[in-house]
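J.: Quick one, structure.tsv (TSV, C-alpha atoms and all ligand atoms):
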```
chain	number	residue	atom	x	y	z
A	579	MET	CA	0.00	0.00	0.00
A	580	LYS	CA	2.75	2.39	1.04
A	581	ASN	CA	4.79	1.49	-2.08
A	582	LYS	CA	1.79	2.06	-4.32
A	583	LEU	CA	1.27	5.49	-2.80
A	584	LEU	CA	4.93	6.38	-3.27
A	585	GLU	CA	4.87	5.21	-6.86
A	586	HIS	CA	1.73	7.22	-7.51
A	587	LEU	CA	3.27	10.32	-5.95
A	588	SER	CA	6.47	10.04	-7.95
A	589	ARG	CA	4.48	9.55	-11.17
A	590	LEU	CA	2.54	12.67	-10.32
A	591	LEU	CA	5.65	14.77	-9.81
A	592	LEU	CA	8.10	13.36	-12.31
A	593	ILE	CA	7.90	12.53	-15.99
A	594	ASP	CA	8.76	8.83	-15.75
A	595	ASN	CA	12.15	9.81	-14.34
A	596	ASP	CA	13.12	11.68	-17.49
A	597	ARG	CA	16.35	13.58	-17.13
A	598	CYS	CA	17.39	16.97	-18.45
A	599	PRO	CA	19.49	16.18	-21.54
A	600	VAL	CA	21.96	18.95	-20.63
A	601	CYS	CA	22.67	18.61	-16.89
A	602	LYS	CA	21.15	15.11	-16.40
A	603	LYS	CA	19.09	16.24	-13.38
A	604	ILE	CA	15.77	14.38	-12.91
A	605	LEU	CA	12.99	16.53	-14.34
A	606	TRP	CA	9.94	17.66	-12.42
A	607	LYS	CA	6.65	17.10	-14.16
A	608	LYS	CA	6.26	20.81	-14.90
A	609	GLU	CA	9.66	20.84	-16.61
A	610	ALA	CA	9.05	19.38	-20.02
A	611	TYR	CA	12.25	18.22	-21.74
A	612	LEU	CA	14.74	20.66	-20.15
A	613	CYS	CA	15.16	21.72	-16.52
A	614	ASP	CA	14.22	25.34	-15.78
A	615	GLN	CA	17.82	26.38	-15.19
A	616	CYS	CA	19.20	24.90	-18.43
A	617	LEU	CA	16.27	26.40	-20.34
A	618	ARG	CA	17.06	29.84	-18.91
A	619	GLU	CA	20.76	29.50	-19.66
A	620	LEU	CA	20.49	28.28	-23.27
A	621	PRO	CA	23.26	29.95	-25.33
A	622	LYS	CA	21.05	31.98	-27.68
A	623	ASN	CA	22.69	33.31	-30.82
A	624	ASP	CA	22.02	36.95	-30.05
A	625	ALA	CA	25.47	38.53	-30.36
A	626	ARG	CA	27.04	39.34	-33.76
A	627	THR	CA	25.90	37.03	-36.56
A	628	CYS	CA	26.82	36.51	-40.22
A	629	ARG	CA	24.60	38.78	-42.30
A	630	ARG	CA	24.13	35.99	-44.82
A	631	CYS	CA	23.78	32.64	-43.05
A	632	GLY	CA	23.19	33.75	-39.44
A	633	ARG	CA	26.19	31.88	-38.00
A	634	PRO	CA	27.69	33.39	-34.81
A	635	LEU	CA	30.75	35.47	-35.77
A	636	SER	CA	34.19	35.48	-34.18
A	637	SER	CA	35.86	38.74	-33.17
A	638	ASP	CA	38.03	38.58	-36.34
A	639	ASP	CA	35.02	38.54	-38.68
A	640	ALA	CA	33.57	41.75	-40.11
A	641	ASP	CA	29.98	40.94	-41.09
A	642	LEU	CA	30.36	37.60	-42.88
A	643	CYS	CA	31.40	34.22	-41.46
A	644	SER	CA	34.41	32.41	-42.95
A	645	ALA	CA	32.18	30.09	-45.06
A	646	CYS	CA	30.29	33.02	-46.64
A	647	ARG	CA	33.54	34.94	-47.18
A	648	ASP	CA	35.21	31.97	-48.89
A	649	ASP	CA	32.28	31.42	-51.26
A	650	ALA	CA	30.65	34.64	-52.47
A	651	LYS	CA	28.26	32.56	-54.61
A	652	ARG	CA	26.79	30.60	-51.69
A	653	PRO	CA	23.18	29.73	-52.66
A	654	ILE	CA	21.95	30.82	-49.19
A	655	ASP	CA	20.30	34.27	-49.12
A	656	ARG	CA	19.65	34.66	-45.41
A	657	GLY	CA	19.81	32.68	-42.21
A	658	TRP	CA	18.65	32.45	-38.63
A	659	VAL	CA	20.36	30.34	-35.95
A	660	TRP	CA	18.80	29.70	-32.55
A	661	LEU	CA	21.74	28.49	-30.40
A	662	VAL	CA	25.49	28.84	-30.45
A	663	TYR	CA	26.77	25.26	-30.72
A	664	GLY	CA	28.44	24.10	-27.51
A	665	ARG	CA	27.81	21.54	-24.79
A	666	ALA	CA	24.13	22.40	-24.25
A	667	ALA	CA	23.16	22.37	-27.94
A	668	GLU	CA	25.25	19.24	-28.49
A	669	GLN	CA	23.46	17.36	-25.67
A	670	ILE	CA	19.98	18.35	-26.87
A	671	ALA	CA	20.78	17.55	-30.51
A	672	ALA	CA	22.23	14.18	-29.44
A	673	GLY	CA	18.90	13.51	-27.71
A	674	PHE	CA	16.82	13.99	-30.82
A	675	LYS	CA	19.39	12.66	-33.27
A	676	PHE	CA	20.83	9.60	-31.64
A	677	ASN	CA	18.67	8.81	-28.62
A	678	TYR	CA	15.34	8.55	-30.46
A	679	GLN	CA	13.73	11.48	-28.62
A	680	LYS	CA	11.41	12.47	-31.43
A	681	THR	CA	9.22	14.76	-29.31
A	682	LEU	CA	12.31	16.61	-27.99
A	683	ALA	CA	12.95	17.86	-31.54
A	684	TYR	CA	9.34	19.00	-31.95
A	685	TRP	CA	9.50	20.78	-28.58
A	686	ALA	CA	12.79	22.48	-29.59
A	687	GLY	CA	11.13	23.68	-32.81
A	688	ALA	CA	8.23	25.19	-30.86
A	689	GLN	CA	10.72	26.94	-28.54
A	690	MET	CA	12.59	28.28	-31.58
A	691	ALA	CA	9.33	29.68	-32.97
A	692	GLN	CA	8.94	31.97	-29.93
A	693	ASP	CA	12.14	33.81	-30.95
A	694	LEU	CA	11.78	33.24	-34.70
A	695	ALA	CA	8.49	35.15	-34.70
A	696	ASP	CA	10.56	38.35	-34.25
A	697	CYS	CA	12.78	37.62	-37.27
A	698	PRO	CA	11.98	40.37	-39.81
A	699	TRP	CA	11.84	38.14	-42.92
A	700	MET	CA	9.97	35.21	-41.37
A	701	ALA	CA	6.47	36.36	-42.36
A	702	GLU	CA	7.54	36.53	-46.03
A	703	VAL	CA	8.59	32.87	-46.24
A	704	ASP	CA	6.23	30.73	-48.36
A	705	ALA	CA	7.30	27.29	-47.16
A	706	LEU	CA	9.46	25.52	-44.60
A	707	ILE	CA	11.38	22.60	-46.06
A	708	PRO	CA	13.29	20.32	-43.68
A	709	VAL	CA	16.62	18.86	-44.80
A	710	PRO	CA	15.61	15.31	-45.75
A	711	LEU	CA	17.18	12.05	-44.63
A	712	HIS	CA	17.90	9.27	-47.06
A	713	PRO	CA	15.23	6.51	-46.79
A	714	ASN	CA	17.87	4.14	-45.35
A	715	ARG	CA	18.70	6.55	-42.52
A	716	LEU	CA	15.01	7.30	-42.01
A	717	SER	CA	14.18	3.65	-41.47
A	718	GLU	CA	17.13	3.38	-39.07
A	719	ARG	CA	15.95	6.28	-36.89
A	720	GLY	CA	12.22	6.09	-37.55
A	721	TYR	CA	11.84	9.84	-38.03
A	722	ASN	CA	13.65	12.85	-39.46
A	723	GLN	CA	14.73	15.16	-36.64
A	724	SER	CA	14.79	18.20	-38.96
A	725	GLU	CA	11.20	17.46	-39.98
A	726	GLN	CA	10.21	17.35	-36.30
A	727	LEU	CA	11.97	20.68	-35.70
A	728	ALA	CA	10.20	22.19	-38.72
A	729	ALA	CA	6.82	20.87	-37.57
A	730	GLY	CA	7.37	22.44	-34.12
A	731	ILE	CA	8.42	25.72	-35.75
A	732	ALA	CA	5.40	25.78	-38.09
A	733	SER	CA	2.92	25.14	-35.30
A	734	GLY	CA	4.60	27.68	-32.98
A	735	LEU	CA	4.56	30.34	-35.71
A	736	ASN	CA	0.94	29.59	-36.63
A	737	GLU	CA	0.01	30.13	-32.98
A	738	ARG	CA	1.62	33.57	-33.27
A	739	GLY	CA	-0.35	34.44	-36.39
A	740	ILE	CA	2.40	33.67	-38.93
A	741	GLU	CA	0.86	31.25	-41.41
A	742	ILE	CA	3.49	29.06	-42.96
A	743	THR	CA	3.34	25.87	-45.00
A	744	LEU	CA	5.40	22.87	-43.97
A	745	ASP	CA	6.47	21.04	-47.12
A	746	VAL	CA	8.10	17.69	-46.38
A	747	GLU	CA	7.68	16.24	-49.88
A	748	ARG	CA	9.66	18.72	-51.93
A	749	LEU	CA	13.24	17.76	-51.25
A	750	LYS	CA	14.57	14.21	-51.55
A	751	ARG	CA	17.92	12.81	-50.54
A	752	VAL	CA	18.89	10.60	-53.44
A	753	VAL	CA	22.38	9.59	-52.30
A	754	ASP	CA	22.94	7.80	-49.00
A	755	THR	CA	25.96	9.81	-47.91
A	756	PRO	CA	28.28	8.47	-45.20
A	757	HIS	CA	28.13	10.15	-41.77
A	758	GLN	CA	29.50	13.71	-41.90
A	759	LEU	CA	30.51	13.79	-38.24
A	760	GLY	CA	34.23	14.41	-37.79
A	761	GLN	CA	34.92	14.62	-41.53
A	762	PRO	CA	37.00	17.48	-43.00
A	763	ALA	CA	35.19	20.32	-44.80
A	764	ALA	CA	36.34	19.35	-48.31
A	765	PHE	CA	35.08	15.79	-47.79
A	766	ARG	CA	31.72	17.04	-46.52
A	767	LEU	CA	31.23	19.24	-49.54
A	768	LYS	CA	32.02	16.51	-52.06
A	769	ASN	CA	30.01	14.07	-50.00
A	770	VAL	CA	26.71	15.94	-50.29
A	771	LYS	CA	27.07	17.64	-53.68
A	772	ASN	CA	24.23	16.40	-55.90
A	773	ALA	CA	22.81	14.37	-53.02
A	774	PHE	CA	19.46	16.21	-53.20
A	775	ASP	CA	16.65	16.36	-55.76
A	776	VAL	CA	13.63	18.63	-55.92
A	777	VAL	CA	10.33	16.80	-56.49
A	778	ASP	CA	7.94	18.74	-58.80
A	779	PRO	CA	10.26	21.76	-59.24
A	780	GLU	CA	7.36	23.96	-60.42
A	781	ARG	CA	6.13	23.93	-56.81
A	782	VAL	CA	9.17	25.93	-55.64
A	783	TYR	CA	9.47	28.14	-58.73
A	784	GLY	CA	9.46	31.81	-57.67
A	785	LYS	CA	8.88	30.84	-54.01
A	786	ARG	CA	10.62	32.00	-50.87
A	787	ILE	CA	11.83	28.89	-49.05
A	788	ALA	CA	13.29	28.40	-45.59
A	789	LEU	CA	15.32	25.23	-45.11
A	790	VAL	CA	15.30	23.74	-41.60
A	791	ASP	CA	18.23	21.76	-40.18
A	792	ASP	CA	19.48	20.73	-36.77
A	793	VAL	CA	23.15	21.70	-36.67
A	794	MET	CA	25.10	23.81	-39.17
A	795	THR	CA	28.75	22.70	-39.03
A	796	THR	CA	30.44	23.60	-42.31
A	797	GLY	CA	27.09	24.34	-43.96
A	798	ALA	CA	27.82	21.91	-46.81
A	799	THR	CA	24.50	20.06	-46.47
A	800	LEU	CA	22.49	23.29	-46.42
A	801	ASP	CA	24.46	24.62	-49.40
A	802	ALA	CA	23.67	21.47	-51.38
A	803	CYS	CA	19.94	21.70	-50.53
A	804	ALA	CA	19.83	25.43	-51.31
A	805	ALA	CA	21.63	24.88	-54.63
A	806	ALA	CA	19.04	22.26	-55.66
A	807	LEU	CA	16.18	24.63	-54.74
A	808	LYS	CA	17.77	27.55	-56.59
A	809	GLN	CA	18.27	25.35	-59.63
A	810	ALA	CA	14.55	24.54	-59.49
A	811	GLY	CA	13.79	28.26	-59.59
A	812	ALA	CA	13.29	29.20	-55.92
A	813	ALA	CA	13.41	33.00	-55.62
A	814	ASP	CA	14.96	33.12	-52.16
A	815	VAL	CA	16.43	30.45	-49.90
A	816	ALA	CA	16.84	31.04	-46.18
A	817	VAL	CA	18.23	28.62	-43.61
A	818	ILE	CA	16.87	28.12	-40.11
A	819	THR	CA	18.99	26.00	-37.81
A	820	PHE	CA	18.66	24.81	-34.23
A	821	ALA	CA	22.37	25.51	-33.62
A	822	ALA	CA	25.49	26.51	-35.54
A	823	VAL	CA	29.19	26.09	-34.86
A	824	PRO	CA	30.72	29.59	-34.56
A	825	SER	CA	32.76	30.96	-37.46
B	901	ZN	ZN	19.33	20.91	-16.83
B	902	ZN	ZN	27.78	33.01	-43.11
```
Please lay out the structure from this file as structure tokens.
Ligand SMILES: [Zn+2]
Ligand SMILES: [Zn+2]

T.:
Amino acid sequence: MKNKLLEHLSRLLLIDNDRCPVCKKILWKKEAYLCDQCLRELPKNDARTCRRCGRPLSSDDADLCSACRDDAKRPIDRGWVWLVYGRAAEQIAAGFKFNYQKTLAYWAGAQMAQDLADCPWMAEVDALIPVPLHPNRLSERGYNQSEQLAAGIASGLNERGIEITLDVERLKRVVDTPHQLGQPAAFRLKNVKNAFDVVDPERVYGKRIALVDDVMTTGATLDACAAALKQAGAADVAVITFAAVPS
């Protein structure tokens, strides 16, 4: 009887003993996904950012990050990054990328939308397109974390009166590229070039698209997606990322 009562009480107060993905503290029921302290201390990307892709700048950079400086013809027109990549962003992204926490990605997207609603060009975007996974990777993981992020963003923005279409059919990953993690920049670029196809290109013709991805490292994947969309006639391609490695 006593045990039952204890179990009931702990169920009432805790989410099945879920832990904060950043500090590993047991979460209280009111703390969905992240503990209050880690949520407050998230490293938002609100200092100087690249005027093209949104990446956090280093003190040596003027107004462009090194990637945008090195390639003046980058197919990315604008960008918005939620977090500066570091331990916190890494732990959360690991949760929704490798630990099968599908709803954590959706929650992160909804959190992003609260800040993204203030982004001046957001209301002009016609469609959100998540960076797709190859079908092999999709069946491995069971979901696409970028699609979950994008779904959370779309619903969060809609709640704030910004109507935006989520288009998960438009972009296809046609090459099953090896894992990018820990690979040098040149390898990453070659690895993903021509890895993406646009389905029914007339659907993006003349449209303003925002690509959604989890982590921007070199930006090679986003560049490849943006290039495919531009080739299909997209008028403007923005990138929205959960976190980006500083320039
Ligand atoms: Zn925490
Ligand atoms: Zn940049």

J.: Within 8 Å of Leu807 in chain A, counting all atoms listed in the file, which residues show up once you throw out same-chain ones fewer than 3 positions away? Write them as a PyMOL selection string, please.

T.: chain A and resi 776+779+782+803-804+810-812+815

J.: Sort by chain and increasing residue number a table of all residues of chain A within 12 Å of ligand ZN 902 (chain B), each with its closest pair of atoms and their distance in Å to one decimal, counting only C-alpha atoms and all ligand atoms, and write it as JSON lines.

T.:
```
{"residue": "A:Arg626", "atom": "CA", "partner": "B:ZN902", "partner_atom": "ZN", "distance": 11.3}
{"residue": "A:Thr627", "atom": "CA", "partner": "B:ZN902", "partner_atom": "ZN", "distance": 7.9}
{"residue": "A:Cys628", "atom": "CA", "partner": "B:ZN902", "partner_atom": "ZN", "distance": 4.6}
{"residue": "A:Arg629", "atom": "CA", "partner": "B:ZN902", "partner_atom": "ZN", "distance": 6.6}
{"residue": "A:Arg630", "atom": "CA", "partner": "B:ZN902", "partner_atom": "ZN", "distance": 5.0}
{"residue": "A:Cys631", "atom": "CA", "partner": "B:ZN902", "partner_atom": "ZN", "distance": 4.0}
{"residue": "A:Gly632", "atom": "CA", "partner": "B:ZN902", "partner_atom": "ZN", "distance": 5.9}
{"residue": "A:Arg633", "atom": "CA", "partner": "B:ZN902", "partner_atom": "ZN", "distance": 5.5}
{"residue": "A:Pro634", "atom": "CA", "partner": "B:ZN902", "partner_atom": "ZN", "distance": 8.3}
{"residue": "A:Leu635", "atom": "CA", "partner": "B:ZN902", "partner_atom": "ZN", "distance": 8.3}
{"residue": "A:Ser636", "atom": "CA", "partner": "B:ZN902", "partner_atom": "ZN", "distance": 11.3}
{"residue": "A:Asp639", "atom": "CA", "partner": "B:ZN902", "partner_atom": "ZN", "distance": 10.1}
{"residue": "A:Ala640", "atom": "CA", "partner": "B:ZN902", "partner_atom": "ZN", "distance": 10.9}
{"residue": "A:Asp641", "atom": "CA", "partner": "B:ZN902", "partner_atom": "ZN", "distance": 8.5}
{"residue": "A:Leu642", "atom": "CA", "partner": "B:ZN902", "partner_atom": "ZN", "distance": 5.3}
{"residue": "A:Cys643", "atom": "CA", "partner": "B:ZN902", "partner_atom": "ZN", "distance": 4.2}
{"residue": "A:Ser644", "atom": "CA", "partner": "B:ZN902", "partner_atom": "ZN", "distance": 6.7}
{"residue": "A:Ala645", "atom": "CA", "partner": "B:ZN902", "partner_atom": "ZN", "distance": 5.6}
{"residue": "A:Cys646", "atom": "CA", "partner": "B:ZN902", "partner_atom": "ZN", "distance": 4.3}
{"residue": "A:Arg647", "atom": "CA", "partner": "B:ZN902", "partner_atom": "ZN", "distance": 7.3}
{"residue": "A:Asp648", "atom": "CA", "partner": "B:ZN902", "partner_atom": "ZN", "distance": 9.5}
{"residue": "A:Asp649", "atom": "CA", "partner": "B:ZN902", "partner_atom": "ZN", "distance": 9.4}
{"residue": "A:Ala650", "atom": "CA", "partner": "B:ZN902", "partner_atom": "ZN", "distance": 9.9}
{"residue": "A:Lys651", "atom": "CA", "partner": "B:ZN902", "partner_atom": "ZN", "distance": 11.5}
{"residue": "A:Arg652", "atom": "CA", "partner": "B:ZN902", "partner_atom": "ZN", "distance": 9.0}
{"residue": "A:Pro653", "atom": "CA", "partner": "B:ZN902", "partner_atom": "ZN", "distance": 11.1}
{"residue": "A:Ile654", "atom": "CA", "partner": "B:ZN902", "partner_atom": "ZN", "distance": 8.7}
{"residue": "A:Asp655", "atom": "CA", "partner": "B:ZN902", "partner_atom": "ZN", "distance": 9.7}
{"residue": "A:Arg656", "atom": "CA", "partner": "B:ZN902", "partner_atom": "ZN", "distance": 8.6}
{"residue": "A:Gly657", "atom": "CA", "partner": "B:ZN902", "partner_atom": "ZN", "distance": 8.0}
{"residue": "A:Trp658", "atom": "CA", "partner": "B:ZN902", "partner_atom": "ZN", "distance": 10.2}
{"residue": "A:Val659", "atom": "CA", "partner": "B:ZN902", "partner_atom": "ZN", "distance": 10.7}
{"residue": "A:Met794", "atom": "CA", "partner": "B:ZN902", "partner_atom": "ZN", "distance": 10.4}
{"residue": "A:Thr795", "atom": "CA", "partner": "B:ZN902", "partner_atom": "ZN", "distance": 11.1}
{"residue": "A:Thr796", "atom": "CA", "partner": "B:ZN902", "partner_atom": "ZN", "distance": 9.8}
{"residue": "A:Gly797", "atom": "CA", "partner": "B:ZN902", "partner_atom": "ZN", "distance": 8.7}
{"residue": "A:Ala798", "atom": "CA", "partner": "B:ZN902", "partner_atom": "ZN", "distance": 11.7}
{"residue": "A:Leu800", "atom": "CA", "partner": "B:ZN902", "partner_atom": "ZN", "distance": 11.6}
{"residue": "A:Asp801", "atom": "CA", "partner": "B:ZN902", "partner_atom": "ZN", "distance": 11.0}
{"residue": "A:Ala816", "atom": "CA", "partner": "B:ZN902", "partner_atom": "ZN", "distance": 11.5}
{"residue": "A:Val817", "atom": "CA", "partner": "B:ZN902", "partner_atom": "ZN", "distance": 10.5}
{"residue": "A:Ala822", "atom": "CA", "partner": "B:ZN902", "partner_atom": "ZN", "distance": 10.2}
{"residue": "A:Val823", "atom": "CA", "partner": "B:ZN902", "partner_atom": "ZN", "distance": 10.9}
{"residue": "A:Pro824", "atom": "CA", "partner": "B:ZN902", "partner_atom": "ZN", "distance": 9.7}
{"residue": "A:Ser825", "atom": "CA", "partner": "B:ZN902", "partner_atom": "ZN", "distance": 7.8}
```

J.: Applying 10 Å and all atoms listed in the file, which residues near Ala701 in chain A remain after dropping the ones on its own chain fewer than 2 positions away? List them as number ranges by chain.

T.: A: 694-699, 703-704, 735, 739-742

J.: Can I get the residues close to ligand ZN 901 (chain B) as a list in words, where close means within 7 Å and we count all atoms listed in the file?

T.: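 Counting all atoms listed in the file, the residues within 7 Å of ligand ZN 901 (chain B) come out as Cys598, Pro599, Val600, Cys601, Lys602, Lys603, Leu612, Cys613, Asp614, Gln615 and Cys616 of chain A.
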
J.: To one decimal place, how far is CA of Leu605 in chain A from CA of Leu682 in chain A in Å?

T.: 13.7 Å

J.: Could you check the closest approach to Ala806 in chain A for each of A:Leu617, A:Met700, A:Ala688, A:Val752 and tell me which residue wins, using all atoms listed in the file?

T.: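 Using all atoms listed in the file, the shortest distance to Ala806 in chain A belongs to A:Val752.
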
J.: So what do you get for CA of Asp792 in chain A versus CA of Asp596 in chain A, distance-wise?

T.: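 Going from CA of Asp792 in chain A over to CA of Asp596 in chain A, I get 22.2 Å.
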
J.: Let me make sure I understand: among A:Pro756, A:Val709, A:Val746, A:Ile818, which one has the smallest atom-to-atom distance to Val777 in chain A if we use all atoms listed in the file?

T.: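 Distance minimum relative to Val777 in chain A lands on A:Val746.
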
J.: Taking all atoms listed in the file into account, name the residue in A:Gly720, A:His712, A:Ala728, A:Gln809 that is nearest to Ala773 in chain A.

T.: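 Smallest distance to Ala773 in chain A is found for A:His712.
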
J.: May I ask which of the residues A:Tyr721, A:Trp660, A:Tyr783, A:Phe674 is the closest one to Leu620 in chain A, counting all atoms listed in the file?

T.: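 Closest candidate: A:Trp660.
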